[in-house]
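upload26.cif follows (mmCIF, C-alpha atoms; chains and numbers go by the auth columns):
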```cif
data_coords
#
loop_
_atom_site.group_PDB
_atom_site.id
_atom_site.type_symbol
_atom_site.label_atom_id
_atom_site.label_comp_id
_atom_site.label_asym_id
_atom_site.label_seq_id
_atom_site.Cartn_x
_atom_site.Cartn_y
_atom_site.Cartn_z
_atom_site.B_iso_or_equiv
_atom_site.auth_seq_id
_atom_site.auth_asym_id
ATOM 1 C CA MET A 1 38.892 38.644 -7.979 0.00 1160 F
ATOM 2 C CA THR A 2 39.563 36.410 -5.025 0.00 1161 F
ATOM 3 C CA LYS A 3 39.489 32.647 -5.489 0.00 1162 F
ATOM 4 C CA ILE A 4 37.839 30.597 -2.795 0.00 1163 F
ATOM 5 C CA TYR A 5 39.565 27.476 -1.569 0.00 1164 F
ATOM 6 C CA ARG A 6 38.352 24.742 0.705 0.00 1165 F
ATOM 7 C CA THR A 7 39.811 26.446 3.667 0.00 1166 F
ATOM 8 C CA GLY A 8 37.390 29.297 3.144 0.00 1167 F
ATOM 9 C CA LYS A 9 40.183 31.893 2.990 0.00 1168 F
ATOM 10 C CA GLY A 10 40.846 34.037 -0.018 0.00 1169 F
ATOM 11 C CA VAL A 11 44.190 34.234 -1.791 0.00 1170 F
ATOM 12 C CA ASP A 12 45.046 37.683 -0.491 0.00 1171 F
ATOM 13 C CA GLY A 13 44.165 36.829 3.088 0.00 1172 F
ATOM 14 C CA ASP A 14 40.579 37.878 2.568 0.00 1173 F
ATOM 15 C CA THR A 15 38.573 36.211 5.301 0.00 1174 F
ATOM 16 C CA ALA A 16 35.202 36.802 3.688 0.00 1175 F
ATOM 17 C CA LYS A 17 33.763 33.475 2.658 0.00 1176 F
ATOM 18 C CA PRO A 18 31.828 33.777 -0.550 0.00 1177 F
ATOM 19 C CA VAL A 19 29.965 30.495 -1.026 0.00 1178 F
ATOM 20 C CA LYS A 20 29.600 28.850 -4.378 0.00 1179 F
ATOM 21 C CA ARG A 21 26.192 27.275 -4.833 0.00 1180 F
ATOM 22 C CA ARG A 22 26.984 24.067 -6.686 0.00 1181 F
ATOM 23 C CA GLY A 23 23.982 22.193 -5.214 0.00 1182 F
ATOM 24 C CA ARG A 24 21.455 24.629 -6.689 0.00 1183 F
ATOM 25 C CA ALA A 25 21.725 23.232 -10.210 0.00 1184 F
ATOM 26 C CA LEU A 26 21.977 19.646 -8.960 0.00 1185 F
ATOM 27 C CA VAL A 27 18.489 19.448 -7.400 0.00 1186 F
ATOM 28 C CA PRO A 28 16.515 20.608 -10.484 0.00 1187 F
ATOM 29 C CA GLY A 29 18.638 18.339 -12.668 0.00 1188 F
ATOM 30 C CA LEU A 30 17.855 15.328 -10.501 0.00 1189 F
ATOM 31 C CA LEU A 31 14.152 16.225 -10.515 0.00 1190 F
ATOM 32 C CA ILE A 32 14.138 16.391 -14.309 0.00 1191 F
ATOM 33 C CA ILE A 33 15.888 13.014 -14.583 0.00 1192 F
ATOM 34 C CA LEU A 34 13.446 11.493 -12.101 0.00 1193 F
ATOM 35 C CA CYS A 35 10.405 12.845 -13.976 0.00 1194 F
ATOM 36 C CA VAL A 36 11.695 11.561 -17.313 0.00 1195 F
ATOM 37 C CA ALA A 37 12.338 8.130 -15.780 0.00 1196 F
ATOM 38 C CA VAL A 38 8.814 7.990 -14.373 0.00 1197 F
ATOM 39 C CA ILE A 39 7.234 9.082 -17.649 0.00 1198 F
ATOM 40 C CA PHE A 40 9.110 6.536 -19.754 0.00 1199 F
ATOM 41 C CA SER A 41 8.984 3.655 -17.287 0.00 1200 F
ATOM 42 C CA GLY A 42 5.492 2.656 -18.428 0.00 1201 F
ATOM 43 C CA CYS A 43 6.434 2.812 -22.085 0.00 1202 F
ATOM 44 C CA MET A 44 9.283 0.339 -21.966 0.00 1203 F
ATOM 45 C CA ASN A 45 7.225 -2.870 -21.686 0.00 1204 F
ATOM 46 C CA GLU A 46 5.401 -4.390 -24.616 0.00 1205 F
ATOM 47 C CA PRO A 47 1.654 -4.121 -24.265 0.00 1206 F
ATOM 48 C CA GLN A 48 0.066 -7.396 -23.209 0.00 1207 F
ATOM 49 C CA GLU A 49 -3.067 -8.725 -24.797 0.00 1208 F
ATOM 50 C CA PRO A 50 -5.944 -9.078 -22.367 0.00 1209 F
ATOM 51 C CA ALA A 51 -6.429 -12.608 -21.126 0.00 1210 F
ATOM 52 C CA THR A 52 -9.401 -14.416 -22.585 0.00 1211 F
ATOM 53 C CA PRO A 53 -11.617 -15.596 -19.731 0.00 1212 F
ATOM 54 C CA GLU A 54 -12.382 -19.290 -19.685 0.00 1213 F
ATOM 55 C CA ASN A 55 -15.964 -20.304 -20.230 0.00 1214 F
ATOM 56 C CA PRO A 56 -17.544 -21.324 -16.945 0.00 1215 F
ATOM 57 C CA PRO A 57 -18.604 -24.966 -16.675 0.00 1216 F
ATOM 58 C CA SER A 58 -22.215 -25.638 -17.511 0.00 1217 F
ATOM 59 C CA ILE A 59 -24.664 -26.792 -14.870 0.00 1218 F
ATOM 60 C CA LEU A 60 -25.438 -30.510 -14.900 0.00 1219 F
ATOM 61 C CA VAL A 61 -27.825 -30.650 -11.920 0.00 1220 F
ATOM 62 C CA ASP A 62 -29.703 -27.916 -10.068 0.00 1221 F
ATOM 63 C CA TYR A 63 -31.611 -29.339 -7.101 0.00 1222 F
ATOM 64 C CA VAL A 64 -33.793 -27.436 -4.636 0.00 1223 F
ATOM 65 C CA ARG A 65 -35.666 -29.006 -1.705 0.00 1224 F
ATOM 66 C CA THR A 66 -37.940 -26.762 0.369 0.00 1225 F
ATOM 67 C CA GLY A 67 -40.637 -27.184 2.977 0.00 1226 F
ATOM 68 C CA GLY A 68 -41.204 -29.932 5.494 0.00 1227 F
ATOM 69 C CA ILE A 69 -42.070 -29.471 9.125 0.00 1228 F
ATOM 70 C CA ALA A 70 -38.767 -27.709 9.825 0.00 1229 F
ATOM 71 C CA GLY A 71 -38.992 -25.327 6.864 0.00 1230 F
ATOM 72 C CA VAL A 72 -36.009 -26.807 5.031 0.00 1231 F
ATOM 73 C CA SER A 73 -34.379 -24.895 2.190 0.00 1232 F
ATOM 74 C CA ASP A 74 -31.573 -26.902 0.576 0.00 1233 F
ATOM 75 C CA HIS A 75 -29.914 -26.087 -2.734 0.00 1234 F
ATOM 76 C CA LEU A 76 -27.343 -28.147 -4.623 0.00 1235 F
ATOM 77 C CA VAL A 77 -25.702 -27.253 -7.934 0.00 1236 F
ATOM 78 C CA ILE A 78 -23.393 -29.715 -9.673 0.00 1237 F
ATOM 79 C CA PHE A 79 -21.415 -28.588 -12.697 0.00 1238 F
ATOM 80 C CA GLU A 80 -20.332 -30.717 -15.674 0.00 1239 F
ATOM 81 C CA ASN A 81 -16.716 -30.741 -14.446 0.00 1240 F
ATOM 82 C CA GLY A 82 -17.670 -32.234 -11.049 0.00 1241 F
ATOM 83 C CA GLN A 83 -17.449 -29.020 -9.063 0.00 1242 F
ATOM 84 C CA ALA A 84 -20.430 -28.486 -6.788 0.00 1243 F
ATOM 85 C CA ILE A 85 -21.866 -25.969 -4.350 0.00 1244 F
ATOM 86 C CA TYR A 86 -24.565 -26.380 -1.759 0.00 1245 F
ATOM 87 C CA SER A 87 -26.426 -24.380 0.833 0.00 1246 F
ATOM 88 C CA THR A 88 -28.544 -25.567 3.743 0.00 1247 F
ATOM 89 C CA TRP A 89 -29.821 -24.005 6.929 0.00 1248 F
ATOM 90 C CA ASN A 90 -26.565 -25.274 8.595 0.00 1249 F
ATOM 91 C CA GLY A 91 -24.290 -23.541 6.134 0.00 1250 F
ATOM 92 C CA SER A 92 -22.893 -23.769 2.657 0.00 1251 F
ATOM 93 C CA GLY A 93 -19.816 -24.993 0.878 0.00 1252 F
ATOM 94 C CA GLU A 94 -18.023 -26.149 -2.212 0.00 1253 F
ATOM 95 C CA PHE A 95 -16.738 -29.601 -3.101 0.00 1254 F
ATOM 96 C CA ASN A 96 -15.767 -31.786 -6.054 0.00 1255 F
ATOM 97 C CA LEU A 97 -17.379 -35.044 -7.057 0.00 1256 F
ATOM 98 C CA THR A 98 -15.016 -37.808 -8.143 0.00 1257 F
ATOM 99 C CA LEU A 99 -15.332 -39.426 -11.578 0.00 1258 F
ATOM 100 C CA PRO A 100 -17.069 -42.510 -10.104 0.00 1259 F
ATOM 101 C CA GLU A 101 -19.514 -40.222 -8.253 0.00 1260 F
ATOM 102 C CA MET A 102 -20.206 -38.308 -11.479 0.00 1261 F
ATOM 103 C CA ASP A 103 -20.787 -41.606 -13.308 0.00 1262 F
ATOM 104 C CA GLN A 104 -23.162 -42.754 -10.577 0.00 1263 F
ATOM 105 C CA LEU A 105 -25.020 -39.437 -10.734 0.00 1264 F
ATOM 106 C CA ARG A 106 -25.514 -39.747 -14.493 0.00 1265 F
ATOM 107 C CA ASP A 107 -26.583 -43.384 -14.082 0.00 1266 F
ATOM 108 C CA VAL A 108 -29.212 -42.479 -11.487 0.00 1267 F
ATOM 109 C CA PHE A 109 -30.765 -39.930 -13.856 0.00 1268 F
ATOM 110 C CA SER A 110 -30.516 -42.291 -16.831 0.00 1269 F
ATOM 111 C CA ILE A 111 -32.132 -45.241 -15.005 0.00 1270 F
ATOM 112 C CA ALA A 112 -34.944 -42.941 -13.822 0.00 1271 F
ATOM 113 C CA GLY A 113 -35.620 -41.945 -17.440 0.00 1272 F
ATOM 114 C CA PHE A 114 -35.517 -38.339 -16.281 0.00 1273 F
ATOM 115 C CA GLU A 115 -35.793 -36.878 -19.801 0.00 1274 F
ATOM 116 C CA SER A 116 -39.124 -38.656 -20.305 0.00 1275 F
ATOM 117 C CA LEU A 117 -40.744 -37.373 -17.092 0.00 1276 F
ATOM 118 C CA SER A 118 -43.456 -34.741 -17.064 0.00 1277 F
ATOM 119 C CA GLY A 119 -42.607 -31.240 -15.826 0.00 1278 F
ATOM 120 C CA THR A 120 -44.810 -31.328 -12.705 0.00 1279 F
ATOM 121 C CA TYR A 121 -46.048 -33.913 -10.237 0.00 1280 F
ATOM 122 C CA PRO A 122 -48.081 -32.111 -7.566 0.00 1281 F
ATOM 123 C CA ALA A 123 -49.294 -33.837 -4.416 0.00 1282 F
ATOM 124 C CA PRO A 124 -52.761 -35.375 -4.984 0.00 1283 F
ATOM 125 C CA THR A 125 -53.981 -33.764 -1.762 0.00 1284 F
ATOM 126 C CA PRO A 126 -52.637 -30.597 -0.165 0.00 1285 F
ATOM 127 C CA GLY A 127 -50.396 -30.927 2.850 0.00 1286 F
ATOM 128 C CA ALA A 128 -48.831 -28.307 5.098 0.00 1287 F
ATOM 129 C CA ASP A 129 -45.573 -30.146 5.769 0.00 1288 F
ATOM 130 C CA TYR A 130 -44.779 -31.518 2.326 0.00 1289 F
ATOM 131 C CA PHE A 131 -41.454 -31.110 0.651 0.00 1290 F
ATOM 132 C CA THR A 132 -41.334 -29.464 -2.742 0.00 1291 F
ATOM 133 C CA TYR A 133 -38.557 -30.629 -5.052 0.00 1292 F
ATOM 134 C CA ARG A 134 -37.296 -28.815 -8.129 0.00 1293 F
ATOM 135 C CA ILE A 135 -34.790 -30.853 -10.108 0.00 1294 F
ATOM 136 C CA THR A 136 -33.126 -29.642 -13.286 0.00 1295 F
ATOM 137 C CA TYR A 137 -30.930 -32.078 -15.175 0.00 1296 F
ATOM 138 C CA GLY A 138 -29.643 -30.944 -18.531 0.00 1297 F
ATOM 139 C CA ASN A 139 -32.545 -29.134 -20.210 0.00 1298 F
ATOM 140 C CA GLN A 140 -35.331 -30.866 -18.260 0.00 1299 F
ATOM 141 C CA THR A 141 -36.898 -29.533 -15.056 0.00 1300 F
ATOM 142 C CA VAL A 142 -39.255 -31.541 -12.864 0.00 1301 F
ATOM 143 C CA ILE A 143 -41.163 -30.063 -9.913 0.00 1302 F
ATOM 144 C CA THR A 144 -42.882 -32.399 -7.486 0.00 1303 F
ATOM 145 C CA GLN A 145 -44.163 -32.657 -3.919 0.00 1304 F
ATOM 146 C CA THR A 146 -43.829 -35.316 -1.232 0.00 1305 F
ATOM 147 C CA THR A 147 -46.866 -37.487 -2.011 0.00 1306 F
ATOM 148 C CA GLY A 148 -46.752 -36.804 -5.754 0.00 1307 F
ATOM 149 C CA VAL A 149 -43.195 -38.031 -6.428 0.00 1308 F
ATOM 150 C CA PRO A 150 -43.219 -40.712 -9.149 0.00 1309 F
ATOM 151 C CA ASP A 151 -41.518 -43.976 -8.123 0.00 1310 F
ATOM 152 C CA GLN A 152 -38.762 -43.725 -10.755 0.00 1311 F
ATOM 153 C CA LEU A 153 -37.761 -40.287 -9.372 0.00 1312 F
ATOM 154 C CA MET A 154 -37.257 -41.530 -5.793 0.00 1313 F
ATOM 155 C CA PRO A 155 -33.662 -42.798 -6.386 0.00 1314 F
ATOM 156 C CA VAL A 156 -32.723 -39.418 -7.912 0.00 1315 F
ATOM 157 C CA ILE A 157 -34.059 -37.497 -4.914 0.00 1316 F
ATOM 158 C CA GLY A 158 -32.465 -40.010 -2.522 0.00 1317 F
ATOM 159 C CA TYR A 159 -29.044 -39.667 -4.168 0.00 1318 F
ATOM 160 C CA LEU A 160 -29.156 -35.853 -4.222 0.00 1319 F
ATOM 161 C CA ASP A 161 -30.326 -35.760 -0.586 0.00 1320 F
ATOM 162 C CA GLN A 162 -27.435 -38.094 0.305 0.00 1321 F
ATOM 163 C CA ILE A 163 -24.901 -35.775 -1.330 0.00 1322 F
ATOM 164 C CA ILE A 164 -26.256 -32.790 0.623 0.00 1323 F
ATOM 165 C CA ALA A 165 -26.285 -34.770 3.904 0.00 1324 F
ATOM 166 C CA GLU A 166 -22.687 -35.956 3.439 0.00 1325 F
ATOM 167 C CA GLN A 167 -21.416 -32.487 2.628 0.00 1326 F
ATOM 168 C CA SER A 168 -23.369 -30.828 5.457 0.00 1327 F
ATOM 169 C CA ALA A 169 -21.874 -33.285 7.962 0.00 1328 F
ATOM 170 C CA ARG A 170 -18.294 -32.285 7.104 0.00 1329 F
#
```
Have the structure of the file written as structure tokens, please.
Amino acid sequence: MTKIYRTGKGVDGDTAKPVKRRGRALVPGLLIILCVAVIFSGCMNEPQEPATPENPPSILVDYVRTGGIAGVSDHLVIFENGQAIYSTWNGSGEFNLTLPEMDQLRDVFSIAGFESLSGTYPAPTPGADYFTYRITYGNQTVITQTTGVPDQLMPVIGYLDQIIAEQSAR
């Protein structure tokens, strides 16, 4: 048998170049190692417990103003944590009320005696261009129209309208 050297020539001067196929076994071996690594790569980490979602903040105020001569449709939601969202015909957005603003908001509702108000205050006479207001504070909802708004509710509506106007102007 003739041994093959790097020169490609046999020992006895044989010029035939039999080729040893060392790479043939290397490729399947590497594929097996790669497959094993892929299979076990997901098993090496400890399983993580699913994250518990935080409870969303509860709604403190939900205010809707619709109607008027221009067909307004404004919506303001203020959450217990001071976060707020609004939408108007100009656009929508998110913002945060400061602690003093939240205190003032609660004071306005408290001074109005909102919890003691009736659920509805319709306009005494129909009108085509009236605003309709739906205000929910805590567990109480009051629906009223432009000429039917009770006097103690006017500061509440004024303050909520002011918040929407300030945010819309930004």
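Using only C-alpha atoms, the nearest neighbour of Thr1279 in chain F within the list F:Ile1237, F:Ile1244, F:Val1308, F:Leu1219 is F:Val1308.
Residues matched by the PyMOL selection byres ((chain F and resi 1288) around 7) in this structure: Gly1226, Gly1227, Ile1228, Gly1286, Ala1287, Tyr1289 and Phe1290 of chain F.
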Checklist entry - Between CA of Arg1224 in chain F and CA of Asn1240 in chain F, what is the spacing in Å? => result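 So the answer is 22.9 Å.
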Item to check | One-decimal distance in Å that lies between CA of Asp1221 in chain F and CA of Thr1284 in chain F | outcome: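 So the two atoms, CA of Thr1284 in chain F and CA of Asp1221 in chain F, lie 26.3 Å apart.
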Checklist entry - Leaving out Thr1257 in chain F and any residue of its chain fewer than 4 positions from it, which residues lie within 9 Å of it when counting only C-alpha atoms, given as a ChimeraX atom specification? => result /F:1241,1261-1262
Checklist entry - What separation in Å, quoted to one decimal, exists between CA of Pro1285 in chain F and CA of Ile1316 in chain F? => result 20.4 Å
Near range 1230-1233 of chain F, 12 Å: range 1240-1285 of chain F residue rows, closest pairs, all atoms listed in the file, as a Markdown table:
```
| residue | atom | partner | partner_atom | distance |
| --- | --- | --- | --- | --- |
| F:Ile1244 | CA | F:Asp1233 | CA | 10.9 |
| F:Tyr1245 | CA | F:Asp1233 | CA | 7.4 |
| F:Ser1246 | CA | F:Asp1233 | CA | 5.7 |
| F:Thr1247 | CA | F:Asp1233 | CA | 4.6 |
| F:Trp1248 | CA | F:Ser1232 | CA | 6.6 |
| F:Asn1249 | CA | F:Asp1233 | CA | 9.6 |
| F:Gly1250 | CA | F:Asp1233 | CA | 9.8 |
| F:Ser1251 | CA | F:Asp1233 | CA | 9.5 |
| F:Gly1252 | CA | F:Asp1233 | CA | 11.9 |
```
Checklist entry - From the list F:Gly1278, F:Leu1256, F:Gly1272, F:Pro1212, which residue is nearest Thr1295 in chain F when using all atoms listed in the file? => result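 Nearest candidate to Thr1295 in chain F out of F:Gly1278, F:Leu1256, F:Gly1272, F:Pro1212: F:Gly1278.
Contact shell of Pro1309 in chain F at 12 Å (all atoms listed in the file; same-chain neighbours under 2 positions omitted): F:Ala1271, F:Gly1272, F:Phe1273, F:Leu1276, F:Ser1277, F:Gly1278, F:Thr1279, F:Tyr1280, F:Pro1281, F:Ala1282, F:Pro1283, F:Tyr1292, F:Val1301, F:Ile1302, F:Thr1303, F:Gln1304, F:Thr1305, F:Thr1306, F:Gly1307, F:Gln1311, F:Leu1312, F:Met1313, F:Pro1314, F:Val1315, F:Ile1316.
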Next on the checklist: Nearest residue to Gln1299 in chain F out of F:Ile1323, F:Ala1328, F:Val1267, F:Val1220, using only C-alpha atoms?
Outcome noted: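 The answer is F:Val1220, which sits nearest to Gln1299 in chain F.
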Kindly add N, CA, C and O atoms to the incomplete range 1262-1276 of chain F and provide the output as a PDB file, in the frame of the given file.
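Saved file rebuild_3.pdb follows:
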```pdb
ATOM      1  N   ASP F1262     -20.195 -40.509 -12.532  1.00  0.00           N
ATOM      2  CA  ASP F1262     -20.787 -41.606 -13.308  1.00  0.00           C
ATOM      3  C   ASP F1262     -22.050 -42.121 -12.631  1.00  0.00           C
ATOM      4  O   ASP F1262     -23.067 -42.366 -13.292  1.00  0.00           O
ATOM      5  N   GLN F1263     -21.994 -42.280 -11.317  1.00  0.00           N
ATOM      6  CA  GLN F1263     -23.162 -42.754 -10.577  1.00  0.00           C
ATOM      7  C   GLN F1263     -24.317 -41.750 -10.686  1.00  0.00           C
ATOM      8  O   GLN F1263     -25.468 -42.137 -10.865  1.00  0.00           O
ATOM      9  N   LEU F1264     -24.002 -40.479 -10.613  1.00  0.00           N
ATOM     10  CA  LEU F1264     -25.020 -39.437 -10.734  1.00  0.00           C
ATOM     11  C   LEU F1264     -25.719 -39.530 -12.088  1.00  0.00           C
ATOM     12  O   LEU F1264     -26.954 -39.532 -12.170  1.00  0.00           O
ATOM     13  N   ARG F1265     -24.932 -39.635 -13.147  1.00  0.00           N
ATOM     14  CA  ARG F1265     -25.514 -39.747 -14.493  1.00  0.00           C
ATOM     15  C   ARG F1265     -26.335 -41.023 -14.628  1.00  0.00           C
ATOM     16  O   ARG F1265     -27.395 -41.033 -15.262  1.00  0.00           O
ATOM     17  N   ASP F1266     -25.845 -42.113 -14.031  1.00  0.00           N
ATOM     18  CA  ASP F1266     -26.583 -43.384 -14.082  1.00  0.00           C
ATOM     19  C   ASP F1266     -27.935 -43.273 -13.384  1.00  0.00           C
ATOM     20  O   ASP F1266     -28.943 -43.788 -13.879  1.00  0.00           O
ATOM     21  N   VAL F1267     -27.957 -42.631 -12.241  1.00  0.00           N
ATOM     22  CA  VAL F1267     -29.212 -42.479 -11.487  1.00  0.00           C
ATOM     23  C   VAL F1267     -30.254 -41.744 -12.334  1.00  0.00           C
ATOM     24  O   VAL F1267     -31.419 -42.138 -12.400  1.00  0.00           O
ATOM     25  N   PHE F1268     -29.834 -40.684 -13.005  1.00  0.00           N
ATOM     26  CA  PHE F1268     -30.765 -39.930 -13.856  1.00  0.00           C
ATOM     27  C   PHE F1268     -31.166 -40.743 -15.088  1.00  0.00           C
ATOM     28  O   PHE F1268     -32.324 -40.708 -15.512  1.00  0.00           O
ATOM     29  N   SER F1269     -30.228 -41.484 -15.648  1.00  0.00           N
ATOM     30  CA  SER F1269     -30.516 -42.291 -16.831  1.00  0.00           C
ATOM     31  C   SER F1269     -31.502 -43.413 -16.502  1.00  0.00           C
ATOM     32  O   SER F1269     -32.477 -43.624 -17.237  1.00  0.00           O
ATOM     33  N   ILE F1270     -31.249 -44.139 -15.414  1.00  0.00           N
ATOM     34  CA  ILE F1270     -32.132 -45.241 -15.005  1.00  0.00           C
ATOM     35  C   ILE F1270     -33.539 -44.720 -14.699  1.00  0.00           C
ATOM     36  O   ILE F1270     -34.543 -45.382 -14.993  1.00  0.00           O
ATOM     37  N   ALA F1271     -33.634 -43.533 -14.140  1.00  0.00           N
ATOM     38  CA  ALA F1271     -34.944 -42.941 -13.822  1.00  0.00           C
ATOM     39  C   ALA F1271     -35.692 -42.511 -15.084  1.00  0.00           C
ATOM     40  O   ALA F1271     -36.892 -42.241 -15.022  1.00  0.00           O
ATOM     41  N   GLY F1272     -34.983 -42.443 -16.220  1.00  0.00           N
ATOM     42  CA  GLY F1272     -35.620 -41.945 -17.440  1.00  0.00           C
ATOM     43  C   GLY F1272     -36.048 -40.492 -17.266  1.00  0.00           C
ATOM     44  O   GLY F1272     -37.146 -40.090 -17.678  1.00  0.00           O
ATOM     45  N   PHE F1273     -35.177 -39.707 -16.667  1.00  0.00           N
ATOM     46  CA  PHE F1273     -35.517 -38.339 -16.281  1.00  0.00           C
ATOM     47  C   PHE F1273     -36.019 -37.506 -17.457  1.00  0.00           C
ATOM     48  O   PHE F1273     -36.957 -36.726 -17.315  1.00  0.00           O
ATOM     49  N   GLU F1274     -35.408 -37.684 -18.630  1.00  0.00           N
ATOM     50  CA  GLU F1274     -35.793 -36.878 -19.801  1.00  0.00           C
ATOM     51  C   GLU F1274     -37.234 -37.141 -20.233  1.00  0.00           C
ATOM     52  O   GLU F1274     -37.864 -36.301 -20.864  1.00  0.00           O
ATOM     53  N   SER F1275     -37.761 -38.321 -19.886  1.00  0.00           N
ATOM     54  CA  SER F1275     -39.124 -38.656 -20.305  1.00  0.00           C
ATOM     55  C   SER F1275     -40.188 -38.261 -19.279  1.00  0.00           C
ATOM     56  O   SER F1275     -41.390 -38.427 -19.535  1.00  0.00           O
ATOM     57  N   LEU F1276     -39.784 -37.752 -18.137  1.00  0.00           N
ATOM     58  CA  LEU F1276     -40.744 -37.373 -17.092  1.00  0.00           C
ATOM     59  C   LEU F1276     -41.482 -36.097 -17.468  1.00  0.00           C
ATOM     60  O   LEU F1276     -40.975 -35.251 -18.211  1.00  0.00           O
TER      61      LEU F1276
END
```
